[in-house]
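Q: Okay, here's the structure, questions in a sec.
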Amino acid sequence: MNISPRLRAPAGFAVAAALLFLAAPLVLSDFRLGLLAKYLCWAIVALGIGLAWGRGGMLTLGQGLFFGLGGYAMAMHLKLADAGDGKLPDFMTLYGSGTELPWWWEPFRSPVFALAMVLVVPMAVAAVIGLAVFRRRVRGAYFAILSQALCAAFAIWLVGQQTSTGGTNGLTDIQGFFGYDLGDPKNQRMVYFIIAAVLLALMIGVRQLYVSRYGELLVAVRDSEERVRFLGYDPALVKLGAYVLAAGMAGIAGALFVPAVGIMSPALIGVVPSIEFLIGAAIGGRASLPGVVLGAVAVAWARSSLSEQFPSGWTYVQGLIFIVAVAFLPGGLASLKKYVVRRPASVETPAQPARKPAAEEVPA
Amino acid sequence: MTLLFTQSFTGVSIGAVLLLIALGLSLTFGQMGVINMAHGEFIMAGAYTVYVVQKGISGAGTSLFVALPVAFLVAGAMGVLLEWLLIRRLYARPLDTLLVTWGVSLVLQQLARDIFGAPNVQTAAPSWLTGAVPLPGDLALPASRLFILILALAAIGALAATMRLTPLGRRIRAVVQNRDLAKVSGIPTATVDRLTFFIGSGLAGVAGVALTLVGPIGPAMGTNLIIDAFLVVVAGGIGRLRGAVITAFALGLLQAVFEYATTVSTAKVLVLAGVVLYLQWRPQGLFTLRTRSLA
């Protein structure tokens, strides 16, 4: 590995682009490519988790909330587009009063509005939550539990609103994507290329963020929030930025997931999937950019190939991955590279604070 | 009037179950700052203990009283094993403990599925718990829910007495307040940690026994309860039994009242949102230990 450090990142992105745009479409069958599209959506979520958790120290157990907000925004528009002008989505006529569209569905007929909401809603919700939580210096485990509770509340609410959200089934059987028929393999390929391009663009953006001053500040907040505060920065704002960006990425991922898979449902965004979003980031290396993306794709691939053959075996493997990766390899597989390539100490291994008495961890 | 009374009693008994679960969590969370996601699976272990005991002892009443201490021991032993194998290595990283114990909970759920089968199982309730206890004025209380309430109150009484009166309780309180000082004073903190974990997890087993009286037993039964229980602990104030008691009953009542006014799922959302808002007002929870920490 004799590449100069300046070229290492561009070289990495070039390899990623070659794999995503050339190798994968040539090698994989249409079915496998569709699966890969799904995995790449999860990788986009993991990218945000890497930013918020790996670099910012915020353990977000509720990314499903934002994934769902983005996903439902997209799915609602596609459902309305499928139904045609002035008509209702199929499930509403099945379960509901079946005559009138709920008022908050109406604007989603406009594709521009729906696409804007994919970003605006998750980021606005994250901004409100983040402002409230970080200003009050709620952090650590408290933040994790709160984010999980909000995600659980959202999923429960969706299930309860059968007539306007499709309930447990969710929004299913989505046929078209802005005028393209999703049943056509050619259009499925197009969706894959869109997802791959978005992932690559976001990776480059996040990489720039990591090497920026903000990226360093974020790591500083993660490792010693008090010290950063005493230096005159506002840690709440620093964390808010990362949290909102992570929410936006989860929203985009949710929106792209809909055309890739053709469904959005509470089972995809509840507490359990939200924790599963973390597993790839944990095993790949939460603070490493290639680590989270490769980890997320690898875990998703392992899940579908293992659970095809040993349905109950996968759960054991998944549990053991959590235990082994987090307990014994906190830097993830990415931290192993220091044994391969010699490099100066990096920001990628979270500092381990000395053991504090539990009472001190109560936010003031 | 009757409906309101029944509904609020349901709320109190939801609160009692939450309390049984949250007591154990508040002990382990309060003392070690450890979030044990596998706590829900200790509840499940307690519930399956009743199922197994009933295979051996046919009398539903006897088996219930046999199962109570057995469930405490089974769940407690699982807790000690978890602490010894994993958690004690992770005290410096509380957030990582959360994820590790989540992994443990996945494994335990799958084990339950492989041993007992994926469908829910039923246990027989003793006949004296199936009826209702009549009260003056046309009112009646479901006997099973009354039993759970009594069980929860007995557990909180026993725990409070242990914490206040016994040397073990004194040591636990000392470690919660200042681990380093406790250590230099000669308290074996590692042993105290393990015993705390034993008691906390054992209480989850007792909660599991109580739950068999009101619902089915299944591999995923713990997951559904654990978030509510965590909210009780967080809103009540970490490591404070008083806070956990008040919050548990308050959440149970709120849930029942909202259920009465709206639907079950809306009630759940309202309660969760209420707790989040409440934490805006008091981020430390209802009762707090005052420290001079900046954090």
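Going through the structure tokens in order, the chains are called A, B, and so on, while each chain numbers its residues from 1 and the ligands are numbered from 1 in the order shown.
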Which neighbours of range 138-147 of chain B fall inside 6 Å, counting only C-alpha atoms, when residues of the same chain fewer than 4 positions from it are skipped, and could you give them as a PyMOL selection string?
A: chain B and resi 13+129+131-134
Q: Counting only C-alpha atoms, collect the residues of chain B whose closest atom lies at most 6 Å from chain A, and write them out as a PyMOL selection string.
A: chain B and resi 32-33+92+100+103-104+106-107+179+265+269+293+295
Q: Could you tell me, as a VMD selection string, which residues of range 110-199 of chain B DSSP assigns to alpha helix (DSSP H) when given the backbone?
A: chain B and resid 110 to 116 143 to 165 167 to 177 179 to 184 189 to 199
Q: Would you mind reading off the distance between CA of Phe230 in chain B and CA of Leu211 in chain B, one decimal, in Å?
A: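 Between CA of Phe230 in chain B and CA of Leu211 in chain B the gap is 17.5 Å.
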Q: With only C-alpha atoms as the counted atoms, please give the residues lying no more than 8 Å from range 185-191 of chain A, apart from itself and same-chain residues fewer than 2 positions off, as JSON, numbers by chain.
A: {"A": [30, 33, 34, 37, 180, 181, 182, 183, 193, 194, 195, 259, 260]}
Q: Near range 252-257 of chain B, within 7 Å and counting only C-alpha atoms, which residues show up once chain neighbours fewer than 4 positions away are dropped, as JSON, numbers by chain?
A: {"B": [7, 8, 10, 11, 12, 14, 15, 248, 261, 267, 268, 271]}
Q: As an MDAnalysis selection string, which residues of range 157-206 of chain A does DSSP assign to strand (DSSP E or B)?
A: chainID A and resid 171 176:177 180:181
Q: Save out the residues we just selected, N, CA, C and O atoms, as a PDB file, in the first residue's frame.
A:
```pdb
ATOM      1  N   LEU A 171     -47.627   0.517   3.508  1.00  0.00           N
ATOM      2  CA  LEU A 171     -47.979   0.868   2.133  1.00  0.00           C
ATOM      3  C   LEU A 171     -47.290  -0.147   1.232  1.00  0.00           C
ATOM      4  O   LEU A 171     -46.068  -0.181   1.137  1.00  0.00           O
ATOM      5  N   GLY A 176     -45.194   2.083  -9.538  1.00  0.00           N
ATOM      6  CA  GLY A 176     -44.475   3.018 -10.397  1.00  0.00           C
ATOM      7  C   GLY A 176     -43.536   3.913  -9.607  1.00  0.00           C
ATOM      8  O   GLY A 176     -43.654   4.042  -8.385  1.00  0.00           O
ATOM      9  N   PHE A 177     -42.583   4.486 -10.340  1.00  0.00           N
ATOM     10  CA  PHE A 177     -41.627   5.388  -9.713  1.00  0.00           C
ATOM     11  C   PHE A 177     -41.475   6.595 -10.637  1.00  0.00           C
ATOM     12  O   PHE A 177     -40.749   6.531 -11.618  1.00  0.00           O
ATOM     13  N   TYR A 180     -42.064   5.620 -14.165  1.00  0.00           N
ATOM     14  CA  TYR A 180     -41.411   4.393 -14.634  1.00  0.00           C
ATOM     15  C   TYR A 180     -42.054   3.190 -13.971  1.00  0.00           C
ATOM     16  O   TYR A 180     -42.333   3.210 -12.780  1.00  0.00           O
ATOM     17  N   ASP A 181     -42.261   2.132 -14.726  1.00  0.00           N
ATOM     18  CA  ASP A 181     -42.875   0.932 -14.180  1.00  0.00           C
ATOM     19  C   ASP A 181     -41.817   0.125 -13.439  1.00  0.00           C
ATOM     20  O   ASP A 181     -40.815  -0.295 -14.033  1.00  0.00           O
TER      21      ASP A 181
END
```
Q: I need the residue nearest Ala155 in chain B from this list: B:Thr28, B:Leu85, B:Tyr91, B:Ala210. Use only C-alpha atoms for the distance.
A: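 That would be B:Ala210, the residue with the smallest distance to Ala155 in chain B.
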Q: Pick the closest to Gly243 in chain B from B:Leu81, B:Gly76, B:Thr266, B:Ala22: which is it, counting only C-alpha atoms?
A: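 Going through B:Leu81, B:Gly76, B:Thr266, B:Ala22 one by one, the smallest distance to Gly243 in chain B is for B:Ala22.
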Q: Counting only C-alpha atoms, what is within 12 Å of range 115-117 of chain B, bar same-chain residues fewer than 6 positions away, as a ChimeraX atom specification?
A: /A:312 /B:44-45,47-49,51-52,108-109,217-220
Q: Between CA of Gly280 in chain A and CA of Ile44 in chain A, what is the distance, to one decimal in Å?
A: 11.2 Å
Q: Neighbouring residues of Ala127 in chain A were defined as those with any atom within 6 Å, considering only C-alpha atoms; residues of the same chain fewer than 4 positions away were excluded. Please report them as a ChimeraX atom specification.
A: /A:123,131,244
Q: With N, CA and C atoms retained, write the just-selected residues as an mmCIF file, in the first residue's frame.
A:
```cif
data_model
loop_
_atom_site.group_PDB
_atom_site.id
_atom_site.type_symbol
_atom_site.label_atom_id
_atom_site.label_comp_id
_atom_site.auth_asym_id
_atom_site.auth_seq_id
_atom_site.Cartn_x
_atom_site.Cartn_y
_atom_site.Cartn_z
ATOM 1 N N MET A 123 -35.451 15.804 9.018
ATOM 2 C CA MET A 123 -34.487 16.741 9.582
ATOM 3 C C MET A 123 -35.148 17.700 10.553
ATOM 4 N N LEU A 131 -32.668 19.677 19.617
ATOM 5 C CA LEU A 131 -32.591 20.920 20.393
ATOM 6 C C LEU A 131 -33.067 20.674 21.816
ATOM 7 N N VAL A 244 -28.937 15.908 13.030
ATOM 8 C CA VAL A 244 -29.869 16.289 11.964
ATOM 9 C C VAL A 244 -29.394 15.719 10.624
#
```
Q: Can you tell me which residues surround Leu289 in chain A at a distance of at most 9 Å, considering only C-alpha atoms, apart from same-chain residues fewer than 4 positions away, and format the answer as a list in words?
A: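 Listing them by chain and then by number gives Leu47, Gly50, Leu51, Met203, Val206, Arg207, Tyr210, Gly285, Val293 and Leu294 of chain A.
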Q: Using all heavy atoms, can you export the residues from the last selection as an mmCIF file, in the first residue's frame?
A:
```
data_model
loop_
_atom_site.group_PDB
_atom_site.id
_atom_site.type_symbol
_atom_site.label_atom_id
_atom_site.label_comp_id
_atom_site.auth_asym_id
_atom_site.auth_seq_id
_atom_site.Cartn_x
_atom_site.Cartn_y
_atom_site.Cartn_z
ATOM 1 N N LEU A 47 -24.296 5.160 7.289
ATOM 2 C CA LEU A 47 -23.421 6.316 7.107
ATOM 3 C C LEU A 47 -23.777 7.408 8.117
ATOM 4 O O LEU A 47 -22.901 8.010 8.754
ATOM 5 C CB LEU A 47 -23.607 6.822 5.679
ATOM 6 C CG LEU A 47 -22.508 7.629 5.018
ATOM 7 C CD1 LEU A 47 -21.218 6.860 5.029
ATOM 8 C CD2 LEU A 47 -22.932 7.962 3.597
ATOM 9 N N GLY A 50 -22.784 6.331 11.545
ATOM 10 C CA GLY A 50 -21.357 6.528 11.743
ATOM 11 C C GLY A 50 -21.049 7.954 12.144
ATOM 12 O O GLY A 50 -20.217 8.205 13.026
ATOM 13 N N LEU A 51 -21.748 8.901 11.512
ATOM 14 C CA LEU A 51 -21.549 10.309 11.840
ATOM 15 C C LEU A 51 -22.016 10.607 13.265
ATOM 16 O O LEU A 51 -21.282 11.186 14.071
ATOM 17 C CB LEU A 51 -22.302 11.168 10.824
ATOM 18 C CG LEU A 51 -22.233 12.682 10.994
ATOM 19 C CD1 LEU A 51 -20.819 13.172 10.779
ATOM 20 C CD2 LEU A 51 -23.181 13.365 10.021
ATOM 21 N N MET A 203 -21.194 9.588 0.690
ATOM 22 C CA MET A 203 -19.916 9.163 1.288
ATOM 23 C C MET A 203 -18.865 10.250 1.100
ATOM 24 O O MET A 203 -18.099 10.554 2.014
ATOM 25 C CB MET A 203 -19.432 7.861 0.640
ATOM 26 C CG MET A 203 -20.076 6.618 1.235
ATOM 27 S SD MET A 203 -19.640 5.145 0.294
ATOM 28 C CE MET A 203 -17.938 4.938 0.766
ATOM 29 N N VAL A 206 -19.710 13.095 3.475
ATOM 30 C CA VAL A 206 -19.399 12.779 4.869
ATOM 31 C C VAL A 206 -17.887 12.761 5.080
ATOM 32 O O VAL A 206 -17.373 13.215 6.108
ATOM 33 C CB VAL A 206 -20.028 11.422 5.254
ATOM 34 C CG1 VAL A 206 -19.495 10.938 6.589
ATOM 35 C CG2 VAL A 206 -21.530 11.544 5.320
ATOM 36 N N ARG A 207 -17.173 12.296 4.063
ATOM 37 C CA ARG A 207 -15.711 12.259 4.175
ATOM 38 C C ARG A 207 -15.169 13.689 4.325
ATOM 39 O O ARG A 207 -14.311 13.949 5.165
ATOM 40 C CB ARG A 207 -15.126 11.581 2.934
ATOM 41 C CG ARG A 207 -13.707 11.134 3.082
ATOM 42 C CD ARG A 207 -12.784 12.100 2.406
ATOM 43 N NE ARG A 207 -11.397 11.861 2.811
ATOM 44 C CZ ARG A 207 -10.427 12.693 2.535
ATOM 45 N NH1 ARG A 207 -10.671 13.801 1.885
ATOM 46 N NH2 ARG A 207 -9.209 12.432 2.924
ATOM 47 N N TYR A 210 -15.775 14.820 7.758
ATOM 48 C CA TYR A 210 -14.887 14.211 8.752
ATOM 49 C C TYR A 210 -13.552 14.943 8.837
ATOM 50 O O TYR A 210 -12.970 15.059 9.905
ATOM 51 C CB TYR A 210 -14.631 12.738 8.402
ATOM 52 C CG TYR A 210 -15.725 11.787 8.850
ATOM 53 C CD1 TYR A 210 -16.859 12.237 9.505
ATOM 54 C CD2 TYR A 210 -15.605 10.414 8.620
ATOM 55 C CE1 TYR A 210 -17.847 11.362 9.897
ATOM 56 C CE2 TYR A 210 -16.596 9.530 9.013
ATOM 57 C CZ TYR A 210 -17.716 10.009 9.642
ATOM 58 O OH TYR A 210 -18.683 9.137 10.040
ATOM 59 N N GLY A 285 -16.835 -0.878 12.122
ATOM 60 C CA GLY A 285 -16.039 0.177 12.735
ATOM 61 C C GLY A 285 -16.827 1.459 12.700
ATOM 62 O O GLY A 285 -16.924 2.100 11.665
ATOM 63 N N VAL A 293 -19.989 1.530 5.936
ATOM 64 C CA VAL A 293 -20.674 1.160 4.689
ATOM 65 C C VAL A 293 -20.466 -0.322 4.386
ATOM 66 O O VAL A 293 -21.421 -1.080 4.151
ATOM 67 C CB VAL A 293 -20.171 2.038 3.533
ATOM 68 C CG1 VAL A 293 -20.735 1.557 2.220
ATOM 69 C CG2 VAL A 293 -20.561 3.489 3.772
ATOM 70 N N LEU A 294 -19.199 -0.754 4.433
ATOM 71 C CA LEU A 294 -18.924 -2.170 4.152
ATOM 72 C C LEU A 294 -19.575 -3.053 5.203
ATOM 73 O O LEU A 294 -20.110 -4.119 4.887
ATOM 74 C CB LEU A 294 -17.414 -2.408 4.113
ATOM 75 C CG LEU A 294 -16.693 -1.760 2.929
ATOM 76 C CD1 LEU A 294 -15.195 -1.961 3.042
ATOM 77 C CD2 LEU A 294 -17.209 -2.334 1.624
#
```
Q: Find, counting only C-alpha atoms, the residue in A:Pro122, A:Gly12, A:Gly270, A:Gly215 that gets nearest to Gly62 in chain A.
A: A:Gly270
